[in-house]
>>> print(open('target.cif').read())   # mmCIF, C-alpha atoms
data_entry
#
loop_
_atom_site.label_atom_id
_atom_site.label_comp_id
_atom_site.auth_asym_id
_atom_site.auth_seq_id
_atom_site.Cartn_x
_atom_site.Cartn_y
_atom_site.Cartn_z
CA MET V 1 -2.33 22.52 35.17
CA LYS V 2 -3.53 24.94 37.85
CA LYS V 3 -2.65 23.13 41.05
CA PHE V 4 -2.94 24.57 44.54
CA VAL V 5 -1.46 22.90 47.62
CA VAL V 6 -1.69 23.81 51.28
CA PHE V 7 1.26 23.13 53.60
CA SER V 8 0.06 22.69 57.17
CA GLY V 9 2.09 21.58 60.16
CA PHE V 10 3.19 22.44 63.65
CA LEU V 11 5.26 25.48 64.55
CA GLY V 12 8.88 24.93 63.58
CA SER V 13 8.21 22.04 61.21
CA GLY V 14 9.94 23.98 58.43
CA LYS V 15 6.95 24.94 56.27
CA THR V 16 8.53 28.15 54.95
CA THR V 17 11.87 26.49 54.22
CA ALA V 18 10.08 23.61 52.48
CA MET V 19 7.94 25.94 50.36
CA MET V 20 11.01 27.92 49.34
CA ALA V 21 12.99 24.81 48.44
CA LEU V 22 10.07 23.26 46.55
CA THR V 23 9.24 26.47 44.66
CA ARG V 24 12.82 26.80 43.41
CA TYR V 25 13.18 23.08 42.61
CA TYR V 26 9.86 22.84 40.79
CA THR V 27 10.58 25.93 38.71
CA GLU V 28 14.02 24.59 37.74
CA HIS V 29 12.87 21.05 36.86
CA TYR V 30 9.22 21.25 35.77
CA ALA V 31 7.37 24.54 35.37
CA LYS V 32 6.96 27.88 37.05
CA ALA V 33 5.85 27.69 40.70
CA ALA V 34 5.06 30.23 43.42
CA MET V 35 4.48 30.36 47.17
CA ILE V 36 2.18 32.35 49.44
CA SER V 37 3.03 33.13 53.06
CA ASN V 38 -0.09 33.46 55.18
CA ASP V 39 0.07 35.29 58.51
CA LEU V 40 -2.46 36.54 61.06
CA SER V 41 -0.37 39.64 61.73
CA GLU V 42 -1.24 42.85 59.94
CA GLY V 43 1.18 44.70 57.70
CA ASN V 44 3.40 43.83 54.78
CA ASN V 45 6.72 42.09 54.23
CA LEU V 46 6.49 39.93 57.33
CA ALA V 47 9.26 37.51 58.27
CA ASP V 48 8.39 34.56 56.01
CA ASN V 49 7.76 36.63 52.90
CA ARG V 50 10.86 38.72 53.53
CA LEU V 51 12.92 35.53 53.92
CA ALA V 52 11.52 34.12 50.68
CA GLN V 53 12.38 37.30 48.80
CA LEU V 54 15.89 37.38 50.29
CA SER V 55 16.21 33.83 48.93
CA SER V 56 15.03 34.88 45.45
CA CYS V 57 11.78 32.89 45.53
CA ASN V 58 8.65 33.70 43.54
CA ALA V 59 6.68 34.65 46.63
CA SER V 60 3.98 36.90 48.05
CA GLU V 61 1.97 37.10 51.26
CA ILE V 62 -1.60 37.29 52.54
CA THR V 63 -1.70 38.90 55.96
CA GLY V 64 -4.21 39.87 58.62
CA GLU V 65 -6.44 36.82 58.15
CA CYS V 66 -6.18 33.08 57.59
CA ILE V 67 -6.81 31.91 54.02
CA CYS V 68 -9.52 29.72 55.58
CA TYR V 69 -11.73 32.81 55.74
CA CYS V 70 -10.70 35.02 52.81
CA HIS V 71 -11.30 32.90 49.71
CA ASP V 72 -11.84 35.99 47.58
CA VAL V 73 -8.34 37.27 48.37
CA LEU V 74 -6.85 33.80 47.98
CA THR V 75 -8.47 33.10 44.60
CA GLU V 76 -7.49 36.53 43.29
CA ARG V 77 -3.88 35.74 44.18
CA LEU V 78 -4.07 32.24 42.70
CA ASN V 79 -5.58 33.52 39.46
CA ALA V 80 -2.82 36.14 39.14
CA TYR V 81 -0.15 33.47 39.55
CA PHE V 82 -1.80 31.06 37.12
CA ASP V 83 -2.31 33.87 34.58
CA GLU V 84 1.43 34.59 34.68
CA GLY V 85 2.18 30.96 33.84
CA CYS V 86 2.54 29.24 37.19
CA GLU V 87 1.65 25.56 37.25
CA LEU V 88 1.87 25.05 41.01
CA VAL V 89 1.14 27.40 43.93
CA VAL V 90 1.72 26.42 47.55
CA SER V 91 0.57 28.28 50.66
CA ASP V 92 1.05 27.73 54.34
CA ILE V 93 -1.51 28.28 57.10
CA PRO V 94 -1.00 30.54 60.15
CA GLY V 95 -1.30 29.31 63.70
CA PHE V 96 -1.91 25.58 63.85
CA GLY V 97 -3.94 25.04 60.69
CA VAL V 98 -6.33 22.57 62.30
CA GLY V 99 -9.51 22.64 60.22
CA ALA V 100 -7.80 24.03 57.11
CA LEU V 101 -8.72 20.92 55.11
CA GLU V 102 -12.38 21.71 55.67
CA HIS V 103 -12.22 25.49 55.40
CA VAL V 104 -9.77 25.85 52.50
CA TYR V 105 -10.02 22.72 50.36
CA HIS V 106 -13.69 21.91 50.83
CA GLY V 107 -14.50 25.62 50.73
CA LEU V 108 -12.74 26.14 47.39
CA ALA V 109 -14.26 22.94 45.96
CA ALA V 110 -17.75 24.15 46.88
CA GLU V 111 -17.37 27.81 45.88
CA TYR V 112 -15.23 27.34 42.76
CA PRO V 113 -16.03 23.83 41.47
CA GLY V 114 -13.50 22.58 38.93
CA GLN V 115 -11.56 25.83 38.82
CA TYR V 116 -8.50 24.57 40.70
CA GLU V 117 -6.74 21.24 41.05
CA LEU V 118 -6.31 20.63 44.76
CA GLY V 119 -3.10 18.75 45.38
CA PRO V 120 -2.54 16.50 48.40
CA PHE V 121 -3.29 18.31 51.65
CA THR V 122 0.27 18.29 52.99
CA VAL V 123 1.27 18.30 56.66
CA LEU V 124 4.88 18.70 57.74
CA ILE V 125 6.33 17.41 60.99
CA GLU V 126 9.88 17.56 62.32
CA PRO V 127 11.65 14.62 64.02
CA GLY V 128 11.33 15.79 67.63
CA ASN V 129 7.57 16.17 67.47
CA ALA V 130 7.17 13.01 65.37
CA LYS V 131 8.98 10.92 67.99
CA LEU V 132 7.01 12.58 70.80
CA LEU V 133 3.74 11.80 69.08
CA LEU V 134 4.68 8.20 68.33
CA SER V 135 5.87 7.63 71.91
CA GLY V 136 2.28 7.82 73.12
CA LYS V 137 3.27 10.16 75.94
CA SER V 138 0.90 12.95 76.84
CA ALA V 139 2.63 16.32 76.50
CA ASP V 140 1.87 19.91 75.55
CA MET V 141 0.54 20.16 72.00
CA THR V 142 0.16 16.43 71.26
CA HIS V 143 -3.58 16.90 70.63
CA ILE V 144 -2.79 19.59 68.05
CA LEU V 145 -0.11 17.45 66.38
CA ASP V 146 -2.49 14.52 66.11
CA ALA V 147 -5.33 16.65 64.75
CA GLN V 148 -3.06 18.13 62.06
CA LEU V 149 -1.84 14.75 60.84
CA ARG V 150 -5.36 13.31 60.72
CA GLU V 151 -6.14 15.84 57.98
CA ALA V 152 -3.18 14.90 55.79
CA ASP V 153 -3.22 13.32 52.35
CA LEU V 154 0.58 13.60 52.45
CA ILE V 155 2.73 13.61 55.61
CA VAL V 156 6.21 15.04 55.13
CA LEU V 157 8.84 14.24 57.74
CA ASN V 158 11.09 17.27 57.35
CA LYS V 159 14.65 17.70 58.68
CA ARG V 160 15.48 14.05 58.07
CA ASP V 161 19.16 15.03 58.22
CA LEU V 162 18.74 15.11 62.00
CA LEU V 163 18.09 11.34 62.00
CA GLY V 164 20.10 8.31 60.96
CA ASN V 165 18.77 6.11 58.15
CA ASP V 166 17.42 3.43 60.47
CA GLU V 167 15.78 6.00 62.74
CA THR V 168 14.22 7.74 59.73
CA GLU V 169 12.69 4.46 58.56
CA THR V 170 11.37 3.74 62.06
CA VAL V 171 9.67 7.13 62.28
CA LEU V 172 8.25 6.85 58.75
CA SER V 173 6.89 3.40 59.53
CA GLY V 174 5.34 4.63 62.76
CA LEU V 175 3.65 7.58 61.06
CA ALA V 176 2.35 5.38 58.24
CA SER V 177 0.90 2.93 60.76
CA LYS V 178 -0.72 5.63 62.89
CA TYR V 179 -2.13 7.58 59.90
CA PRO V 180 -2.89 4.95 57.22
CA GLU V 181 -4.97 7.34 55.09
CA ALA V 182 -1.87 9.39 54.25
CA ARG V 183 1.23 8.81 52.19
CA VAL V 184 4.41 9.44 54.20
CA ILE V 185 7.75 10.69 52.81
CA ALA V 186 10.92 12.21 54.27
CA ILE V 187 12.83 15.29 53.12
CA SER V 188 15.42 17.77 54.30
CA ALA V 189 14.27 21.07 52.85
CA ALA V 190 17.32 22.90 54.20
CA ARG V 191 19.68 20.49 52.40
CA GLY V 192 17.54 20.03 49.31
CA GLU V 193 17.06 16.30 49.94
CA GLY V 194 13.89 14.47 48.86
CA LEU V 195 12.58 17.36 46.78
CA GLU V 196 12.09 15.21 43.67
CA GLU V 197 9.83 12.82 45.57
CA LEU V 198 7.92 15.74 47.07
CA ALA V 199 7.54 17.46 43.69
CA GLN V 200 6.27 14.24 42.10
CA ALA V 201 3.84 13.63 44.96
CA LEU V 202 2.33 17.09 44.52
CA ARG V 203 2.50 17.09 40.72
CA ASN V 204 0.80 13.72 40.29
CA GLY V 205 -1.34 13.51 43.43
CA GLU V 206 -4.64 15.04 44.42
CA SER V 207 -6.57 15.54 47.60
CA ALA V 208 -9.01 12.83 48.65
CA LEU V 209 -11.11 15.63 50.21
CA ARG V 210 -11.74 13.49 53.26
CA ARG V 211 -13.55 14.70 56.34
CA PRO V 212 -11.54 13.08 59.13
CA ASP V 213 -13.06 12.48 62.53
CA ILE V 214 -11.49 15.27 64.60
CA ASP V 215 -13.03 16.52 67.82
CA TYR V 216 -12.45 20.21 67.19
CA VAL V 217 -14.20 21.18 70.43
CA GLY V 218 -12.55 18.45 72.50
CA GLU V 219 -11.17 19.49 75.87
CA GLY V 220 -7.54 18.59 75.11
CA LEU V 221 -7.42 20.31 71.72
CA GLN V 222 -9.20 23.43 72.95
CA ARG V 223 -7.01 23.66 76.05
CA GLU V 224 -3.80 23.49 74.02
CA MET V 225 -4.93 25.97 71.38
CA GLY V 226 -6.30 28.35 74.00
CA SER V 227 -3.00 28.44 75.89
CA ILE V 228 -1.02 29.88 72.97
CA SER V 229 -0.09 33.53 72.55
CA GLU V 230 1.26 35.01 69.33
CA TYR V 231 3.91 37.72 69.32
CA TYR V 232 5.24 39.85 66.48
CA ILE V 233 7.66 42.74 66.59
CA GLN V 234 9.55 44.61 63.88
CA TYR V 235 12.34 47.01 64.77
CA HIS V 236 15.47 48.71 63.48
CA ALA V 237 18.77 48.37 65.33
CA VAL V 238 21.78 50.62 64.73
CA VAL V 239 25.22 50.17 66.27
CA CYS V 240 26.55 53.35 67.85
CA CYS V 241 30.07 52.95 66.52
CA ASN V 242 32.12 50.34 64.68
CA ASP V 243 30.19 47.16 63.76
CA PHE V 244 28.88 43.98 65.39
CA ASP V 245 28.21 40.29 64.86
CA GLY V 246 24.57 40.11 63.72
CA THR V 247 24.36 36.33 64.06
CA ALA V 248 25.64 36.42 67.65
CA TYR V 249 23.07 39.13 68.43
CA LEU V 250 20.19 37.01 67.12
CA GLU V 251 21.46 33.96 68.99
CA GLU V 252 21.68 35.88 72.28
CA MET V 253 18.21 37.31 71.72
CA ALA V 254 16.78 33.82 71.26
CA SER V 255 18.67 32.57 74.33
CA ALA V 256 17.37 35.41 76.49
CA VAL V 257 13.76 34.70 75.45
CA GLN V 258 14.27 30.96 75.98
CA ASN V 259 15.57 31.55 79.51
CA GLY V 260 12.76 33.94 80.33
CA ILE V 261 10.10 31.51 79.14
CA ARG V 262 11.72 28.62 81.02
CA ASP V 263 12.07 30.63 84.24
CA CYS V 264 8.35 31.42 84.33
CA GLY V 265 7.40 27.77 83.82
CA CYS V 266 6.00 28.23 80.30
CA GLU V 267 6.89 26.73 76.92
CA ILE V 268 7.70 28.24 73.53
CA PRO V 269 7.01 25.86 70.62
CA HIS V 270 8.50 28.30 68.13
CA LEU V 271 10.45 31.52 67.95
CA LYS V 272 11.73 32.85 64.64
CA LEU V 273 14.22 35.72 64.39
CA LEU V 274 15.10 37.18 60.99
CA ALA V 275 17.34 40.20 60.43
CA TRP V 276 18.78 41.76 57.29
CA GLU V 277 20.89 44.64 55.99
CA GLN V 278 20.05 46.92 53.10
CA GLU V 279 22.63 45.17 50.93
CA GLY V 280 20.70 41.88 51.26
CA ASP V 281 22.92 40.04 53.76
CA TYR V 282 20.77 38.32 56.38
CA GLY V 283 20.72 36.02 59.38
CA LYS V 284 18.07 33.75 60.86
CA VAL V 285 17.73 31.72 64.05
CA ASP V 286 14.95 29.44 65.28
CA LEU V 287 13.99 28.08 68.67
CA LEU V 288 11.70 25.07 69.04
CA GLY V 289 11.31 24.83 72.80
CA THR V 290 12.91 25.64 76.14
CA GLY V 291 14.74 22.33 76.22
CA ARG V 292 16.10 22.33 72.68
CA PRO V 293 19.18 24.03 71.23
CA ILE V 294 18.88 27.24 69.25
CA GLU V 295 19.15 26.63 65.50
CA ILE V 296 21.20 29.06 63.43
CA THR V 297 19.65 28.53 60.01
CA HIS V 298 21.50 31.31 58.18
CA ARG V 299 24.55 33.36 59.22
CA PHE V 300 25.48 36.88 58.24
CA GLU V 301 28.43 36.87 55.87
CA ARG V 302 29.99 40.06 57.25
CA PRO V 303 29.88 42.37 60.29
CA CYS V 304 26.83 44.62 60.58
CA THR V 305 26.32 48.31 61.32
CA GLU V 306 22.51 48.29 61.25
CA LEU V 307 19.74 45.72 60.98
CA ALA V 308 16.04 45.44 60.28
CA VAL V 309 14.75 42.76 62.66
CA VAL V 310 11.54 40.73 62.73
CA LEU V 311 10.69 38.43 65.63
CA ASN V 312 7.76 36.00 65.52
CA ALA V 313 6.96 33.79 68.50
CA SER V 314 4.23 31.38 69.54
CA ALA V 315 4.31 30.44 73.20
CA ALA V 316 2.16 28.62 75.74
CA CYS V 317 2.31 31.72 77.89
CA PRO V 318 -0.12 34.56 78.74
CA ASP V 319 0.25 37.36 76.24
CA THR V 320 1.15 40.06 78.80
CA LYS V 321 3.84 37.84 80.32
CA LEU V 322 5.20 36.96 76.88
CA ASP V 323 5.34 40.65 75.95
CA GLY V 324 7.32 41.41 79.10
CA ILE V 325 9.81 38.59 78.50
CA ILE V 326 10.54 39.55 74.89
CA THR V 327 10.62 43.29 75.55
CA ASN V 328 13.10 42.77 78.38
CA ALA V 329 15.26 40.45 76.25
CA MET V 330 15.38 42.98 73.43
CA SER V 331 16.33 45.78 75.81
CA VAL V 332 19.04 43.87 77.68
CA VAL V 333 20.66 42.18 74.67
CA SER V 334 20.54 45.30 72.47
CA GLU V 335 22.22 47.32 75.22
CA ARG V 336 24.89 44.63 75.58
CA PHE V 337 25.69 44.99 71.85
CA GLY V 338 25.61 48.78 72.01
CA LEU V 339 22.55 49.10 69.77
CA GLU V 340 19.98 51.86 69.47
CA VAL V 341 16.58 50.32 68.78
CA MET V 342 13.54 51.85 67.12
CA ILE V 343 10.34 49.76 67.19
CA PHE V 344 8.09 50.10 64.14
CA ARG V 345 5.31 47.67 65.01
CA LYS V 346 4.36 45.20 67.72
CA GLU V 347 1.47 42.79 68.16
CA CYS V 348 0.78 40.35 70.98
CA PHE V 349 -2.44 38.43 71.41
CA GLY V 350 -3.78 35.19 72.84
CA MET V 351 -5.09 32.57 70.40
CA GLY V 352 -7.85 31.68 72.87
#
>>> encode(input="target.cif", output="structure tokens")
Amino acid sequence: MKKFVVFSGFLGSGKTTAMMALTRYYTEHYAKAAMISNDLSEGNNLADNRLAQLSSCNASEITGECICYCHDVLTERLNAYFDEGCELVVSDIPGFGVGALEHVYHGLAAEYPGQYELGPFTVLIEPGNAKLLLSGKSADMTHILDAQLREADLIVLNKRDLLGNDETETVLSGLASKYPEARVIAISAARGEGLEELAQALRNGESALRRPDIDYVGEGLQREMGSISEYYIQYHAVVCCNDFDGTAYLEEMASAVQNGIRDCGCEIPHLKLLAWEQEGDYGKVDLLGTGRPIEITHRFERPCTELAVVLNASAACPDTKLDGIITNAMSVVSERFGLEVMIFRKECFGMG
């Protein structure tokens, strides 16, 4: 079997965590699997791929372009994985992924007929956004959420550990009713829950290769996508003397950015901060909005003396303003912790 699956989904839905958990589980219980992190930023060893490698996953990355538009690079990577004995390869999509069903799945089916088994086009959603979407309320990014889920063969409600059993069933029922073309399941990738059902769904399922009715040029969808700016920075931080709490540093960084975004009346659907030491110890925090608590997804095990840091953010904020907020946060918080910072690379651009 040479099966390829795309994981789409909104910012912060847990695509990377789910791919990591699935790749490890599938390899342990069925056959060799691999994951591809796809990012619009240039360079190598970006946050998601670095995190996967720190977690001992069979992983690689495609950067600088969406896999929607570089099928030659994608198929070369897929063939290399399949030649080394992989049975399943999963990849995410950068940005919002709207249109990936058409550009990736239909593109591969047309250009390489019969060469790959295309598993269910999989869209992840986390509880907060699922409940917002099902409430029927108009809010930032609801057009994007809806467009993503309309493309799905398989909808995965991730982070089900944040819900009670009855609430999980209510959300699953609501999603199944709203998107009847898709199968709906619930998992907690971080806790390893529901991975058997997910593995079976991908192993035994296939894409219907539908062409859902999505108004890609609709005013609401275009307005939401055009308001987003992407930010990426990689830097090295060294403590002047003694050592420091790396997890607390990341948490304060995220808090400073959250406050800055809130104070200027903007929103930040996702901020991801990953830092690591040479010995392999690492920490990670996530932020999914100005009104939501900061999530510490992995803590450092010991005090730090130096860190390599990667920050990725997507915000409904002009790119110059976003750059100023994050640059100021890095300066203020790093000074508070007594750190000397050296920036290696920075990118900031508007999706519109």
>>> residues_near_point(input="target.cif", point="(23.4, 35.1, 72.2)", cutoff="12 Å", atoms="all atoms listed in the file", output="PyMOL selection string")
chain V and resi 245-259+285+293-296+329-330+332-334+336-337
>>> resolve_selection(input="target.cif", expression="the PyMOL selection byres ((chain V and resi 323) around 12)", output="number ranges by chain")
V: 229-233, 257, 260-261, 311-315, 317-322, 324-330, 346-350
>>> atom_distance(input="target.cif", atom1="atom CA of V:Asp213", atom2="atom CA of V:Leu124")
19.6 Å
>>> closest_residue(input="target.cif", among="V:Phe10, V:Tyr235, V:Phe121, V:Phe96", to="V:Leu40", atoms="all atoms listed in the file")
V:Phe96
>>> resolve_selection(input="target.cif", expression="the PyMOL selection byres ((chain V and resi 133) around 12)", output="CSV table (one decimal) with C-alpha atoms, in the frame of the given file")
chain,number,residue,atom,x,y,z
V,10,PHE,CA,3.2,22.4,63.6
V,125,ILE,CA,6.3,17.4,61.0
V,126,GLU,CA,9.9,17.6,62.3
V,127,PRO,CA,11.6,14.6,64.0
V,128,GLY,CA,11.3,15.8,67.6
V,129,ASN,CA,7.6,16.2,67.5
V,130,ALA,CA,7.2,13.0,65.4
V,131,LYS,CA,9.0,10.9,68.0
V,132,LEU,CA,7.0,12.6,70.8
V,134,LEU,CA,4.7,8.2,68.3
V,135,SER,CA,5.9,7.6,71.9
V,136,GLY,CA,2.3,7.8,73.1
V,137,LYS,CA,3.3,10.2,75.9
V,138,SER,CA,0.9,13.0,76.8
V,139,ALA,CA,2.6,16.3,76.5
V,140,ASP,CA,1.9,19.9,75.6
V,141,MET,CA,0.5,20.2,72.0
V,142,THR,CA,0.2,16.4,71.3
V,143,HIS,CA,-3.6,16.9,70.6
V,144,ILE,CA,-2.8,19.6,68.0
V,145,LEU,CA,-0.1,17.4,66.4
V,146,ASP,CA,-2.5,14.5,66.1
V,147,ALA,CA,-5.3,16.6,64.8
V,148,GLN,CA,-3.1,18.1,62.1
V,149,LEU,CA,-1.8,14.8,60.8
V,171,VAL,CA,9.7,7.1,62.3
V,174,GLY,CA,5.3,4.6,62.8
V,175,LEU,CA,3.6,7.6,61.1
V,178,LYS,CA,-0.7,5.6,62.9
V,179,TYR,CA,-2.1,7.6,59.9
>>> resolve_selection(input="target.cif", expression="the PyMOL selection byres ((chain V and resi 275-280) around 6)", output="ChimeraX atom specification")
/V:274,281-283,307-309
>>> atom_distance(input="target.cif", atom1="atom CA of V:Lys15", atom2="atom CA of V:Asp92")
6.8 Å
>>> atom_distance(input="target.cif", atom1="atom CA of V:Asp83", atom2="atom CA of V:Ser41")
27.8 Å
>>> closest_residue(input="target.cif", among="V:Ala59, V:Leu78, V:Ala199, V:Leu101", to="V:Gly9", atoms="only C-alpha atoms")
V:Leu101
